[in-house]
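Next comes protein00.cif, a file with mmCIF, C-alpha atoms.
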```
data_data
#
loop_
_atom_site.group_PDB
_atom_site.id
_atom_site.type_symbol
_atom_site.label_atom_id
_atom_site.label_comp_id
_atom_site.auth_asym_id
_atom_site.auth_seq_id
_atom_site.Cartn_x
_atom_site.Cartn_y
_atom_site.Cartn_z
ATOM 1 C CA TRP A 290 10.904 2.218 6.404
ATOM 2 C CA GLU A 291 11.554 5.816 7.322
ATOM 3 C CA ASP A 292 13.936 6.156 4.368
ATOM 4 C CA LEU A 293 12.426 5.091 1.042
ATOM 5 C CA VAL A 294 15.676 5.067 -0.858
ATOM 6 C CA ARG A 295 18.595 4.105 1.348
ATOM 7 C CA GLY A 296 21.309 1.907 -0.056
ATOM 8 C CA TRP A 297 24.888 1.338 0.999
ATOM 9 C CA VAL A 298 27.201 2.214 -1.872
ATOM 10 C CA GLY A 299 30.633 0.643 -1.802
ATOM 11 C CA GLY A 300 30.018 -0.367 1.818
ATOM 12 C CA ARG A 301 30.392 3.218 3.135
ATOM 13 C CA ALA A 302 28.150 5.783 1.466
ATOM 14 C CA TRP A 303 24.399 6.087 1.544
ATOM 15 C CA CYS A 304 21.759 8.116 -0.134
ATOM 16 C CA GLY A 305 18.399 8.539 1.564
ATOM 17 C CA VAL A 306 15.259 10.576 1.668
ATOM 18 C CA GLY A 307 13.185 10.985 4.800
ATOM 19 C CA GLU A 308 9.561 11.103 5.750
ATOM 20 C CA GLY A 309 7.114 13.331 3.956
ATOM 21 C CA PHE A 310 8.827 13.502 0.620
ATOM 22 C CA ASP A 311 6.828 13.779 -2.575
ATOM 23 C CA LEU A 312 7.041 10.490 -4.473
ATOM 24 C CA GLU A 313 6.303 12.277 -7.725
ATOM 25 C CA CYS A 314 9.452 14.354 -7.317
ATOM 26 C CA VAL A 315 12.079 11.716 -6.676
ATOM 27 C CA ARG A 316 14.368 10.563 -9.457
ATOM 28 C CA ILE A 317 17.832 9.076 -9.111
ATOM 29 C CA GLN A 318 20.021 9.070 -12.153
ATOM 30 C CA TRP A 319 23.663 8.178 -12.818
ATOM 31 C CA LEU A 320 25.345 10.912 -14.812
ATOM 32 C CA GLY A 321 28.750 9.584 -15.756
ATOM 33 C CA ASP A 322 31.503 12.201 -15.734
ATOM 34 C CA GLU A 323 29.360 15.204 -16.639
ATOM 35 C CA THR A 324 27.436 17.410 -14.245
ATOM 36 C CA MET A 325 23.898 18.044 -15.552
ATOM 37 C CA SER A 326 22.452 19.825 -12.531
ATOM 38 C CA SER A 327 23.534 22.015 -9.644
ATOM 39 C CA ARG A 328 21.701 19.534 -7.436
ATOM 40 C CA SER A 329 24.143 16.689 -7.582
ATOM 41 C CA LEU A 330 25.689 14.350 -5.084
ATOM 42 C CA GLN A 331 29.397 15.121 -5.286
ATOM 43 C CA GLY A 332 32.003 12.374 -4.930
ATOM 44 C CA LYS A 333 34.699 13.396 -2.473
ATOM 45 C CA LYS A 334 37.606 11.807 -4.270
ATOM 46 C CA ARG A 335 38.988 13.253 -7.456
ATOM 47 C CA GLY A 336 37.874 11.543 -10.655
ATOM 48 C CA HIS A 337 34.830 9.888 -9.145
ATOM 49 C CA ARG A 338 31.485 10.037 -10.918
ATOM 50 C CA ARG A 339 28.466 11.909 -9.646
ATOM 51 C CA ALA A 340 24.917 10.847 -8.864
ATOM 52 C CA GLN A 341 22.034 13.246 -9.283
ATOM 53 C CA THR A 342 18.948 13.493 -7.112
ATOM 54 C CA THR A 343 16.188 15.769 -8.343
ATOM 55 C CA VAL A 344 13.933 16.492 -5.360
ATOM 56 C CA PRO A 345 12.144 19.811 -5.886
ATOM 57 C CA ASN A 346 9.997 19.488 -2.728
ATOM 58 C CA PHE A 347 12.581 18.025 -0.389
ATOM 59 C CA SER A 348 14.592 20.307 1.865
ATOM 60 C CA ASN A 349 17.513 17.967 2.503
ATOM 61 C CA ASP A 350 18.265 17.664 -1.184
ATOM 62 C CA LEU A 351 22.050 17.684 -0.899
ATOM 63 C CA ALA A 352 24.006 14.668 0.344
ATOM 64 C CA GLU A 353 27.471 13.340 -0.277
ATOM 65 C CA LEU A 354 28.449 10.061 -1.872
ATOM 66 C CA HIS A 355 31.814 8.602 -0.899
ATOM 67 C CA LEU A 356 33.288 5.931 -3.134
ATOM 68 C CA GLU A 357 36.405 4.369 -1.647
ATOM 69 C CA GLU A 358 37.705 2.191 -4.435
ATOM 70 C CA GLU A 359 37.666 2.646 -8.192
ATOM 71 C CA ASP A 360 36.724 -0.996 -8.768
ATOM 72 C CA GLU A 361 33.567 -0.515 -6.657
ATOM 73 C CA GLN A 362 32.104 2.067 -9.010
ATOM 74 C CA GLU A 363 30.364 -0.362 -11.348
ATOM 75 C CA ASP A 364 28.633 -2.087 -8.442
ATOM 76 C CA SER A 365 27.621 1.330 -7.121
ATOM 77 C CA ILE A 366 26.062 2.215 -10.467
ATOM 78 C CA ARG A 367 23.976 -0.944 -10.436
ATOM 79 C CA ARG A 368 22.787 -0.260 -6.894
ATOM 80 C CA LEU A 369 21.745 3.284 -7.748
ATOM 81 C CA ARG A 370 19.940 2.121 -10.861
ATOM 82 C CA ARG A 371 18.038 -0.506 -8.862
ATOM 83 C CA SER A 372 16.988 2.184 -6.382
ATOM 84 C CA SER A 373 15.885 4.396 -9.273
ATOM 85 C CA ILE A 374 13.800 1.602 -10.784
ATOM 86 C CA ARG A 375 12.122 0.876 -7.474
ATOM 87 C CA VAL A 376 11.286 4.531 -6.820
ATOM 88 C CA GLN A 377 9.865 4.847 -10.332
ATOM 89 C CA HIS A 378 7.861 1.653 -9.812
ATOM 90 C CA LEU A 379 6.297 3.010 -6.615
ATOM 91 C CA LYS A 380 5.437 6.187 -8.490
ATOM 92 C CA ASP A 381 3.789 4.180 -11.264
ATOM 93 C CA VAL A 382 1.795 1.787 -9.105
ATOM 94 C CA SER A 383 0.628 4.477 -6.693
ATOM 95 C CA SER A 384 -0.910 6.245 -9.698
ATOM 96 C CA GLY A 385 -2.529 3.070 -10.987
ATOM 97 C CA ASN A 386 -0.131 1.884 -13.670
ATOM 98 C CA LYS A 387 -0.774 -1.880 -13.592
ATOM 99 C CA ASP A 388 1.942 -2.782 -16.073
ATOM 100 C CA SER A 389 4.746 -0.931 -14.308
ATOM 101 C CA SER A 390 6.871 -3.952 -13.358
ATOM 102 C CA PRO A 391 5.819 -7.579 -13.939
ATOM 103 C CA ASN A 392 9.115 -8.708 -12.432
ATOM 104 C CA VAL A 393 7.968 -7.578 -8.993
ATOM 105 C CA ARG A 394 5.077 -10.040 -8.880
ATOM 106 C CA ARG A 395 7.207 -12.836 -10.243
ATOM 107 C CA LYS A 396 9.868 -12.292 -7.593
ATOM 108 C CA ILE A 397 7.277 -12.139 -4.799
ATOM 109 C CA GLU A 398 5.700 -15.343 -6.090
ATOM 110 C CA GLU A 399 9.087 -17.106 -6.122
ATOM 111 C CA ILE A 400 9.802 -16.011 -2.547
ATOM 112 C CA SER A 401 6.341 -17.083 -1.384
ATOM 113 C CA ILE A 402 6.801 -20.544 -2.899
ATOM 114 C CA ARG A 403 10.274 -20.915 -1.410
ATOM 115 C CA THR A 404 9.466 -19.626 2.088
ATOM 116 C CA GLY A 405 5.788 -20.500 2.405
ATOM 117 C CA ALA A 406 4.876 -16.832 2.910
ATOM 118 C CA GLN A 407 1.362 -15.759 1.980
ATOM 119 C CA PHE A 408 2.207 -12.345 0.609
ATOM 120 C CA TYR A 409 1.807 -13.282 -3.045
ATOM 121 C CA ASP A 410 -1.717 -14.576 -2.325
ATOM 122 C CA VAL A 411 -2.622 -11.135 -0.977
ATOM 123 C CA ILE A 412 -1.979 -9.764 -4.470
ATOM 124 C CA ALA A 413 -3.217 -12.720 -6.530
ATOM 125 C CA LYS A 414 -6.512 -13.372 -4.733
ATOM 126 C CA TRP A 415 -7.669 -9.787 -5.191
ATOM 127 C CA GLU A 416 -6.667 -9.801 -8.821
ATOM 128 C CA GLU A 417 -8.540 -13.083 -9.375
ATOM 129 C CA LEU A 418 -11.712 -11.630 -7.823
ATOM 130 C CA VAL A 419 -13.910 -11.166 -10.896
ATOM 131 C CA ILE A 420 -15.999 -8.013 -11.203
ATOM 132 C CA LEU A 421 -19.209 -8.906 -13.040
ATOM 133 C CA LYS A 422 -20.784 -6.613 -15.633
ATOM 134 C CA ASN A 423 -23.040 -4.915 -13.086
ATOM 135 C CA GLY A 424 -20.177 -4.464 -10.621
ATOM 136 C CA ASP A 425 -21.220 -7.437 -8.517
ATOM 137 C CA MET A 426 -18.818 -10.043 -7.113
ATOM 138 C CA GLN A 427 -19.184 -13.658 -6.028
ATOM 139 C CA VAL A 428 -19.245 -13.990 -2.258
ATOM 140 C CA ASP A 429 -16.879 -16.971 -2.076
ATOM 141 C CA MET A 430 -14.195 -15.230 -4.129
ATOM 142 C CA PHE A 431 -14.686 -12.007 -2.178
ATOM 143 C CA VAL A 432 -14.293 -13.727 1.193
ATOM 144 C CA ASP A 433 -11.232 -15.658 -0.038
ATOM 145 C CA ALA A 434 -9.620 -12.395 -1.139
ATOM 146 C CA TYR A 435 -10.582 -10.581 2.060
ATOM 147 C CA LYS A 436 -9.023 -13.283 4.235
ATOM 148 C CA GLN A 437 -5.642 -12.428 2.730
ATOM 149 C CA ILE A 438 -5.796 -8.984 4.330
ATOM 150 C CA LEU A 439 -5.693 -10.693 7.722
ATOM 151 C CA TYR A 440 -2.144 -11.778 6.864
ATOM 152 C CA VAL A 441 -1.154 -8.134 6.400
ATOM 153 C CA LEU A 442 -2.866 -7.176 9.672
ATOM 154 C CA ASP A 443 -0.720 -9.763 11.491
ATOM 155 C CA ALA A 444 2.290 -7.575 10.727
ATOM 156 C CA PHE A 445 0.802 -4.818 12.896
ATOM 157 C CA GLY A 446 1.036 -7.051 15.932
ATOM 158 C CA SER A 447 -1.557 -7.264 18.680
ATOM 159 C CA VAL A 448 -2.786 -3.718 18.103
ATOM 160 C CA PHE A 449 -5.011 -4.898 15.231
ATOM 161 C CA GLY A 450 -6.044 -8.165 16.893
ATOM 162 C CA ILE A 451 -9.558 -6.938 17.724
ATOM 163 C CA ILE A 452 -10.000 -5.586 14.192
ATOM 164 C CA LYS A 453 -8.923 -8.938 12.771
ATOM 165 C CA GLN A 454 -11.516 -10.821 14.835
ATOM 166 C CA ASP A 455 -14.211 -8.339 13.860
ATOM 167 C CA LEU A 456 -13.409 -8.773 10.157
ATOM 168 C CA LYS A 457 -13.701 -12.545 10.489
ATOM 169 C CA SER A 458 -17.133 -12.097 12.064
ATOM 170 C CA GLN A 459 -18.291 -9.691 9.344
ATOM 171 C CA MET A 460 -17.130 -12.054 6.581
ATOM 172 C CA ALA A 461 -18.989 -14.945 8.208
ATOM 173 C CA LYS A 462 -22.211 -12.919 8.499
ATOM 174 C CA THR A 463 -21.996 -11.810 4.866
ATOM 175 C CA LYS A 464 -21.533 -15.364 3.639
ATOM 176 C CA GLU A 465 -24.204 -16.677 6.011
ATOM 177 C CA GLN A 466 -26.825 -14.304 4.602
ATOM 178 C CA CYS A 467 -25.939 -15.272 1.031
ATOM 179 C CA THR A 468 -26.487 -18.909 1.956
ATOM 180 C CA ARG A 469 -29.751 -18.050 3.713
ATOM 181 C CA TYR A 470 -31.156 -16.316 0.624
ATOM 182 C CA GLY A 471 -29.752 -18.863 -1.820
ATOM 183 C CA VAL A 472 -27.674 -16.307 -3.746
ATOM 184 C CA ASP A 473 -23.990 -16.324 -4.605
ATOM 185 C CA THR A 474 -23.157 -12.642 -5.104
ATOM 186 C CA LEU A 475 -22.824 -9.644 -2.804
ATOM 187 C CA GLN A 476 -25.286 -7.303 -4.499
ATOM 188 C CA LYS A 477 -28.011 -9.925 -4.721
ATOM 189 C CA MET A 478 -27.674 -10.569 -1.014
ATOM 190 C CA ALA A 479 -27.745 -6.872 -0.109
ATOM 191 C CA ASP A 480 -30.788 -6.198 -2.295
ATOM 192 C CA ILE A 481 -32.733 -8.948 -0.512
ATOM 193 C CA ASP A 482 -31.340 -8.180 2.929
ATOM 194 C CA GLY A 483 -32.085 -4.455 2.723
ATOM 195 C CA LYS A 484 -30.184 -1.485 4.106
ATOM 196 C CA ASN A 485 -30.351 -2.554 7.746
ATOM 197 C CA GLY A 486 -30.019 -6.307 7.209
ATOM 198 C CA LYS A 487 -27.315 -8.211 9.034
ATOM 199 C CA GLY A 488 -25.514 -9.206 5.845
ATOM 200 C CA THR A 489 -25.700 -5.744 4.307
ATOM 201 C CA GLN A 490 -24.388 -4.041 7.429
ATOM 202 C CA SER A 491 -21.529 -6.532 7.656
ATOM 203 C CA LEU A 492 -20.633 -5.895 4.019
ATOM 204 C CA ILE A 493 -20.725 -2.134 4.580
ATOM 205 C CA TRP A 494 -18.221 -2.492 7.424
ATOM 206 C CA LEU A 495 -15.999 -4.671 5.273
ATOM 207 C CA LYS A 496 -16.143 -1.960 2.623
ATOM 208 C CA ARG A 497 -15.258 0.750 5.146
ATOM 209 C CA THR A 498 -12.295 -1.252 6.403
ATOM 210 C CA LEU A 499 -11.058 -1.612 2.829
ATOM 211 C CA GLN A 500 -11.255 2.168 2.486
ATOM 212 C CA PHE A 501 -9.243 2.608 5.684
ATOM 213 C CA THR A 502 -6.671 0.053 4.524
ATOM 214 C CA GLU A 503 -6.301 1.604 1.077
ATOM 215 C CA VAL A 504 -5.753 5.123 2.435
ATOM 216 C CA MET A 505 -3.349 3.922 5.131
ATOM 217 C CA LEU A 506 -1.121 1.870 2.831
ATOM 218 C CA THR A 507 -1.189 4.492 0.070
ATOM 219 C CA LYS A 508 -0.014 7.161 2.505
ATOM 220 C CA MET A 509 2.684 4.863 3.854
ATOM 221 C CA LEU A 510 4.038 4.282 0.343
ATOM 222 C CA THR A 511 4.339 8.029 -0.197
ATOM 223 C CA GLY A 512 6.767 8.270 2.717
ATOM 224 C CA ILE A 513 4.518 9.036 5.669
ATOM 225 C CA ALA A 514 5.516 7.026 8.744
ATOM 226 C CA LEU A 515 3.085 4.171 9.407
ATOM 227 C CA PRO A 516 1.705 5.478 12.748
ATOM 228 C CA GLU A 517 0.893 8.806 11.098
ATOM 229 C CA ALA A 518 -0.542 6.997 8.044
ATOM 230 C CA VAL A 519 -2.838 4.978 10.335
ATOM 231 C CA ASP A 520 -3.941 8.149 12.106
ATOM 232 C CA TYR A 521 -4.577 9.959 8.822
ATOM 233 C CA ALA A 522 -6.533 7.035 7.384
ATOM 234 C CA TYR A 523 -8.697 6.682 10.482
ATOM 235 C CA HIS A 524 -9.577 10.369 10.569
ATOM 236 C CA ASN A 525 -10.565 10.262 6.904
ATOM 237 C CA THR A 526 -12.597 7.036 6.937
ATOM 238 C CA LEU A 527 -13.721 4.992 9.951
ATOM 239 C CA ILE A 528 -14.020 7.848 12.426
ATOM 240 C CA TYR A 529 -17.198 9.016 10.676
ATOM 241 C CA ALA A 530 -18.953 5.685 11.268
ATOM 242 C CA HIS A 531 -17.738 4.924 14.791
ATOM 243 C CA PRO A 532 -19.676 5.938 17.910
ATOM 244 C CA PHE A 533 -18.074 8.376 20.341
ATOM 245 C CA VAL A 534 -16.732 5.737 22.739
ATOM 246 C CA VAL A 535 -14.971 3.822 19.936
ATOM 247 C CA ARG A 536 -13.550 7.053 18.514
ATOM 248 C CA ALA A 537 -11.987 7.943 21.852
ATOM 249 C CA ILE A 538 -10.066 4.664 21.846
ATOM 250 C CA ALA A 539 -9.313 4.358 18.132
ATOM 251 C CA LYS A 540 -7.962 7.907 17.845
ATOM 252 C CA ASN A 541 -4.959 6.769 19.891
ATOM 253 C CA ILE A 542 -4.237 3.647 17.850
ATOM 254 C CA ARG A 543 -1.210 5.296 16.248
ATOM 255 C CA PHE A 544 0.657 5.097 19.560
ATOM 256 C CA ALA A 545 0.480 1.297 19.443
ATOM 257 C CA THR A 546 1.281 1.031 15.719
ATOM 258 C CA PRO A 547 4.766 -0.261 14.799
ATOM 259 C CA ASP A 548 7.106 1.889 12.758
ATOM 260 C CA THR A 549 7.172 1.310 9.032
ATOM 261 C CA GLN A 550 10.407 -0.670 8.963
ATOM 262 C CA THR A 551 9.175 -3.072 11.650
ATOM 263 C CA PHE A 552 5.890 -3.569 9.815
ATOM 264 C CA LEU A 553 7.575 -4.326 6.496
ATOM 265 C CA SER A 554 10.145 -6.593 8.144
ATOM 266 C CA ARG A 555 7.413 -8.712 9.700
ATOM 267 C CA ILE A 556 6.147 -9.501 6.218
ATOM 268 C CA TYR A 557 9.573 -10.256 4.714
ATOM 269 C CA LYS A 558 12.620 -8.943 6.550
ATOM 270 C CA GLN A 559 15.153 -9.905 3.859
ATOM 271 C CA ASP A 560 13.897 -7.232 1.431
ATOM 272 C CA THR A 561 11.579 -4.562 2.802
ATOM 273 C CA GLN A 562 11.733 -2.528 -0.403
ATOM 274 C CA LEU A 563 10.297 -5.498 -2.270
ATOM 275 C CA VAL A 564 7.519 -5.672 0.313
ATOM 276 C CA SER A 565 6.737 -2.011 -0.394
ATOM 277 C CA LEU A 566 6.509 -2.763 -4.103
ATOM 278 C CA GLY A 567 4.299 -5.757 -3.339
ATOM 279 C CA ILE A 568 1.944 -3.604 -1.261
ATOM 280 C CA ALA A 569 1.700 -1.208 -4.187
ATOM 281 C CA GLU A 570 0.789 -4.139 -6.450
ATOM 282 C CA PHE A 571 -1.850 -5.236 -3.929
ATOM 283 C CA LEU A 572 -3.391 -1.766 -4.020
ATOM 284 C CA ILE A 573 -3.631 -1.966 -7.806
ATOM 285 C CA SER A 574 -5.595 -5.204 -7.482
ATOM 286 C CA LEU A 575 -7.727 -3.896 -4.625
ATOM 287 C CA ARG A 576 -8.872 -0.522 -5.931
ATOM 288 C CA PRO A 577 -11.204 -1.615 -8.787
ATOM 289 C CA ARG A 578 -12.980 -4.075 -6.440
ATOM 290 C CA MET A 579 -13.289 -1.410 -3.781
ATOM 291 C CA VAL A 580 -14.671 1.029 -6.332
ATOM 292 C CA ALA A 581 -17.339 -1.537 -7.267
ATOM 293 C CA LEU A 582 -18.414 -1.856 -3.621
ATOM 294 C CA VAL A 583 -18.373 1.888 -2.942
ATOM 295 C CA SER A 584 -20.342 2.607 -6.124
ATOM 296 C CA PHE A 585 -22.984 -0.022 -5.284
ATOM 297 C CA PHE A 586 -23.625 1.311 -1.796
ATOM 298 C CA ASN A 587 -23.660 4.889 -3.069
ATOM 299 C CA LYS A 588 -26.212 3.973 -5.725
ATOM 300 C CA ARG A 589 -28.456 2.241 -3.165
ATOM 301 C CA LYS A 590 -27.866 5.092 -0.678
ATOM 302 C CA TYR A 591 -26.885 2.554 1.970
ATOM 303 C CA GLU A 592 -23.725 4.409 3.041
ATOM 304 C CA GLU A 593 -24.881 7.228 5.321
ATOM 305 C CA HIS A 594 -21.553 8.965 5.860
ATOM 306 C CA LYS A 595 -20.513 11.206 2.982
ATOM 307 C CA PRO A 596 -16.718 10.885 3.471
ATOM 308 C CA LEU A 597 -17.152 7.118 3.149
ATOM 309 C CA GLN A 598 -18.902 7.552 -0.188
ATOM 310 C CA ALA A 599 -15.629 8.716 -1.774
ATOM 311 C CA LEU A 600 -13.704 6.659 -4.317
ATOM 312 C CA PRO A 601 -9.972 6.064 -3.788
ATOM 313 C CA GLU A 602 -7.900 9.199 -4.358
ATOM 314 C CA ALA A 603 -5.564 7.338 -6.714
ATOM 315 C CA VAL A 604 -8.520 6.315 -8.885
ATOM 316 C CA ASN A 605 -9.765 9.891 -9.028
ATOM 317 C CA LYS A 606 -6.322 11.083 -10.150
ATOM 318 C CA VAL A 607 -6.175 8.520 -12.959
ATOM 319 C CA ASN A 608 -9.706 9.301 -14.137
ATOM 320 C CA SER A 609 -9.028 13.022 -14.173
ATOM 321 C CA LYS A 610 -6.067 12.702 -16.549
#
```
Could you render the structure as structure tokens?
Amino acid sequence: WEDLVRGWVGGRAWCGVGEGFDLECVRIQWLGDETMSSRSLQGKKRGHRRAQTTVPNFSNDLAELHLEEEDEQEDSIRRLRRSSIRVQHLKDVSSGNKDSSPNVRRKIEEISIRTGAQFYDVIAKWEELVILKNGDMQVDMFVDAYKQILYVLDAFGSVFGIIKQDLKSQMAKTKEQCTRYGVDTLQKMADIDGKNGKGTQSLIWLKRTLQFTEVMLTKMLTGIALPEAVDYAYHNTLIYAHPFVVRAIAKNIRFATPDTQTFLSRIYKQDTQLVSLGIAEFLISLRPRMVALVSFFNKRKYEEHKPLQALPEAVNKVNSK
């Protein structure tokens, strides 16, 4: 998905933006017959309408739209409007606006029911994970939600196979310790287990992996190519907790990471833009639960690495407004 907005218009023309663009700055708008900005996409043929792209931070801000037939214009308008809605939705959800588009979840649910895909469960299970008054969560619900992430990791291919097996082991250890102590929530287990307990350490690693995942997917949604997003996320999260030998290997993981389009297609190839919107919805569900975990370990001083004590950047932006 190296172009966030790329749609064939009338079968011939396309409008796209490349990697590294600022999501906050993209807006596509149909103008009718009047020109409202010097930055407009000019139709080649006389009498054709114009589309406007306002991209203050994007160097390739001028493209041309070719409309071959007059009777194709109405369909072109609808396509541009759909692209505009989707870009705006990504902008909203990446900043934490939960109510940005209920239709997205409904469509993903319908596709999941029809095709048997698990993607809707990735969103729903995290949203169903109840955060108790003290920020605690039930272990069974937490593990059920966490298992859904494994489905997303499958789309990376074999490169994340070892990580997937490790996460399964950490989830099992966390649940095992809860059973051992006769408790049903994460914080109760960690308080009994102590900082260096098997269950607590497993939960800390699950928390760190959530931080890596959140940064990686957030960066990908802002237009950074997936290999670079993986590299950025690793160097801002897990690298601080890994020993030297693991760092030497993991620092090169980007070279084995699929490109964004391949990754999205493995989840649902018929509509990769919808997958992007679904990932944004997943992040909305994930962030409050991740904040609860991060805050708990910070309060207990169990997380030793300062960069891994940070809350999600998107949450900080919302709270600062």
Check: Any chance you could work out the residue set of the PyMOL selection byres ((chain A and resi 480-488) around 7) here, as a PyMOL selection string?
Finding: chain A and resi 462-463+466+476-479+489-492+591
Give as a PDB file with C-alpha atoms, in the coordinates of the input the residues that the PyMOL selection byres ((chain A and resi 416-428) around 7) matches when applied to the coordinates above.
```pdb
ATOM      1  CA  ILE A 412      -1.979  -9.764  -4.470  1.00  0.00           C
ATOM      2  CA  ALA A 413      -3.217 -12.720  -6.530  1.00  0.00           C
ATOM      3  CA  LYS A 414      -6.512 -13.372  -4.733  1.00  0.00           C
ATOM      4  CA  TRP A 415      -7.669  -9.787  -5.191  1.00  0.00           C
ATOM      5  CA  ASP A 429     -16.879 -16.971  -2.076  1.00  0.00           C
ATOM      6  CA  MET A 430     -14.195 -15.230  -4.129  1.00  0.00           C
ATOM      7  CA  PHE A 431     -14.686 -12.007  -2.178  1.00  0.00           C
ATOM      8  CA  VAL A 432     -14.293 -13.727   1.193  1.00  0.00           C
ATOM      9  CA  LYS A 464     -21.533 -15.364   3.639  1.00  0.00           C
ATOM     10  CA  ASP A 473     -23.990 -16.324  -4.605  1.00  0.00           C
ATOM     11  CA  THR A 474     -23.157 -12.642  -5.104  1.00  0.00           C
ATOM     12  CA  LEU A 475     -22.824  -9.644  -2.804  1.00  0.00           C
ATOM     13  CA  GLN A 476     -25.286  -7.303  -4.499  1.00  0.00           C
ATOM     14  CA  SER A 574      -5.595  -5.204  -7.482  1.00  0.00           C
ATOM     15  CA  ARG A 578     -12.980  -4.075  -6.440  1.00  0.00           C
ATOM     16  CA  ALA A 581     -17.339  -1.537  -7.267  1.00  0.00           C
TER      17      ALA A 581
END
```
Notebook entry, point to check: Could you state the separation of CA of Thr549 in chain A and CA of Leu515 in chain A in Å, given to one decimal place?
Noted result: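 A separation of 5.0 Å between them.
Residue nearest Ile528 in chain A, chosen from A:Leu566, A:Arg589, A:Phe552, A:Gln500 and counting all atoms listed in the file: A:Gln500.
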Check: For this file, the PyMOL selection byres ((chain A and resi 520) around 9) selects which residues, as a list in words?
Finding: Met505, Leu515, Pro516, Glu517, Ala518, Val519, Tyr521, Ala522, Tyr523, His524, Asn525, Ala539, Lys540, Asn541, Ile542 and Arg543 of chain A
Residue subset to file, keeping C-alpha atoms, as a PDB file, in the frame of the given file:
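Saved to out.pdb:
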```pdb
ATOM      1  CA  MET A 505      -3.349   3.922   5.131  1.00  0.00           C
ATOM      2  CA  LEU A 515       3.085   4.171   9.407  1.00  0.00           C
ATOM      3  CA  PRO A 516       1.705   5.478  12.748  1.00  0.00           C
ATOM      4  CA  GLU A 517       0.893   8.806  11.098  1.00  0.00           C
ATOM      5  CA  ALA A 518      -0.542   6.997   8.044  1.00  0.00           C
ATOM      6  CA  VAL A 519      -2.838   4.978  10.335  1.00  0.00           C
ATOM      7  CA  TYR A 521      -4.577   9.959   8.822  1.00  0.00           C
ATOM      8  CA  ALA A 522      -6.533   7.035   7.384  1.00  0.00           C
ATOM      9  CA  TYR A 523      -8.697   6.682  10.482  1.00  0.00           C
ATOM     10  CA  HIS A 524      -9.577  10.369  10.569  1.00  0.00           C
ATOM     11  CA  ASN A 525     -10.565  10.262   6.904  1.00  0.00           C
ATOM     12  CA  ALA A 539      -9.313   4.358  18.132  1.00  0.00           C
ATOM     13  CA  LYS A 540      -7.962   7.907  17.845  1.00  0.00           C
ATOM     14  CA  ASN A 541      -4.959   6.769  19.891  1.00  0.00           C
ATOM     15  CA  ILE A 542      -4.237   3.647  17.850  1.00  0.00           C
ATOM     16  CA  ARG A 543      -1.210   5.296  16.248  1.00  0.00           C
TER      17      ARG A 543
END
```
Note to self: Could you list, as an MDAnalysis selection string, every residue within 12 Å of Pro596 in chain A, counting all atoms listed in the file and ignoring same-chain residues fewer than 2 positions away?
What the structure shows: chainID A and resid 497 500:501 522:530 583 587 592:594 598:602
Item checked: Å distance separating CA of Phe445 in chain A from CA of Asn392 in chain A, one decimal place -> 26.9 Å
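Distances to Tyr435 in chain A were evaluated for A:Gln550, A:Ser447, A:Thr502, A:Ser401 using all atoms listed in the file, and the minimum falls at A:Thr502.
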Margin query: Would you pick out the contacts of Val393 in chain A at 9 Å or less, using only C-alpha atoms, so that residues sharing its chain but fewer than 4 positions from it are not included, and give the list as a ChimeraX atom specification?
Written below: /A:397-398,563,566-567,570
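Here the question is which of A:Met460, A:Ile513, A:Gln407, A:Ser554 gets nearest to Ile493 in chain A using all atoms listed in the file, and that residue is A:Met460.
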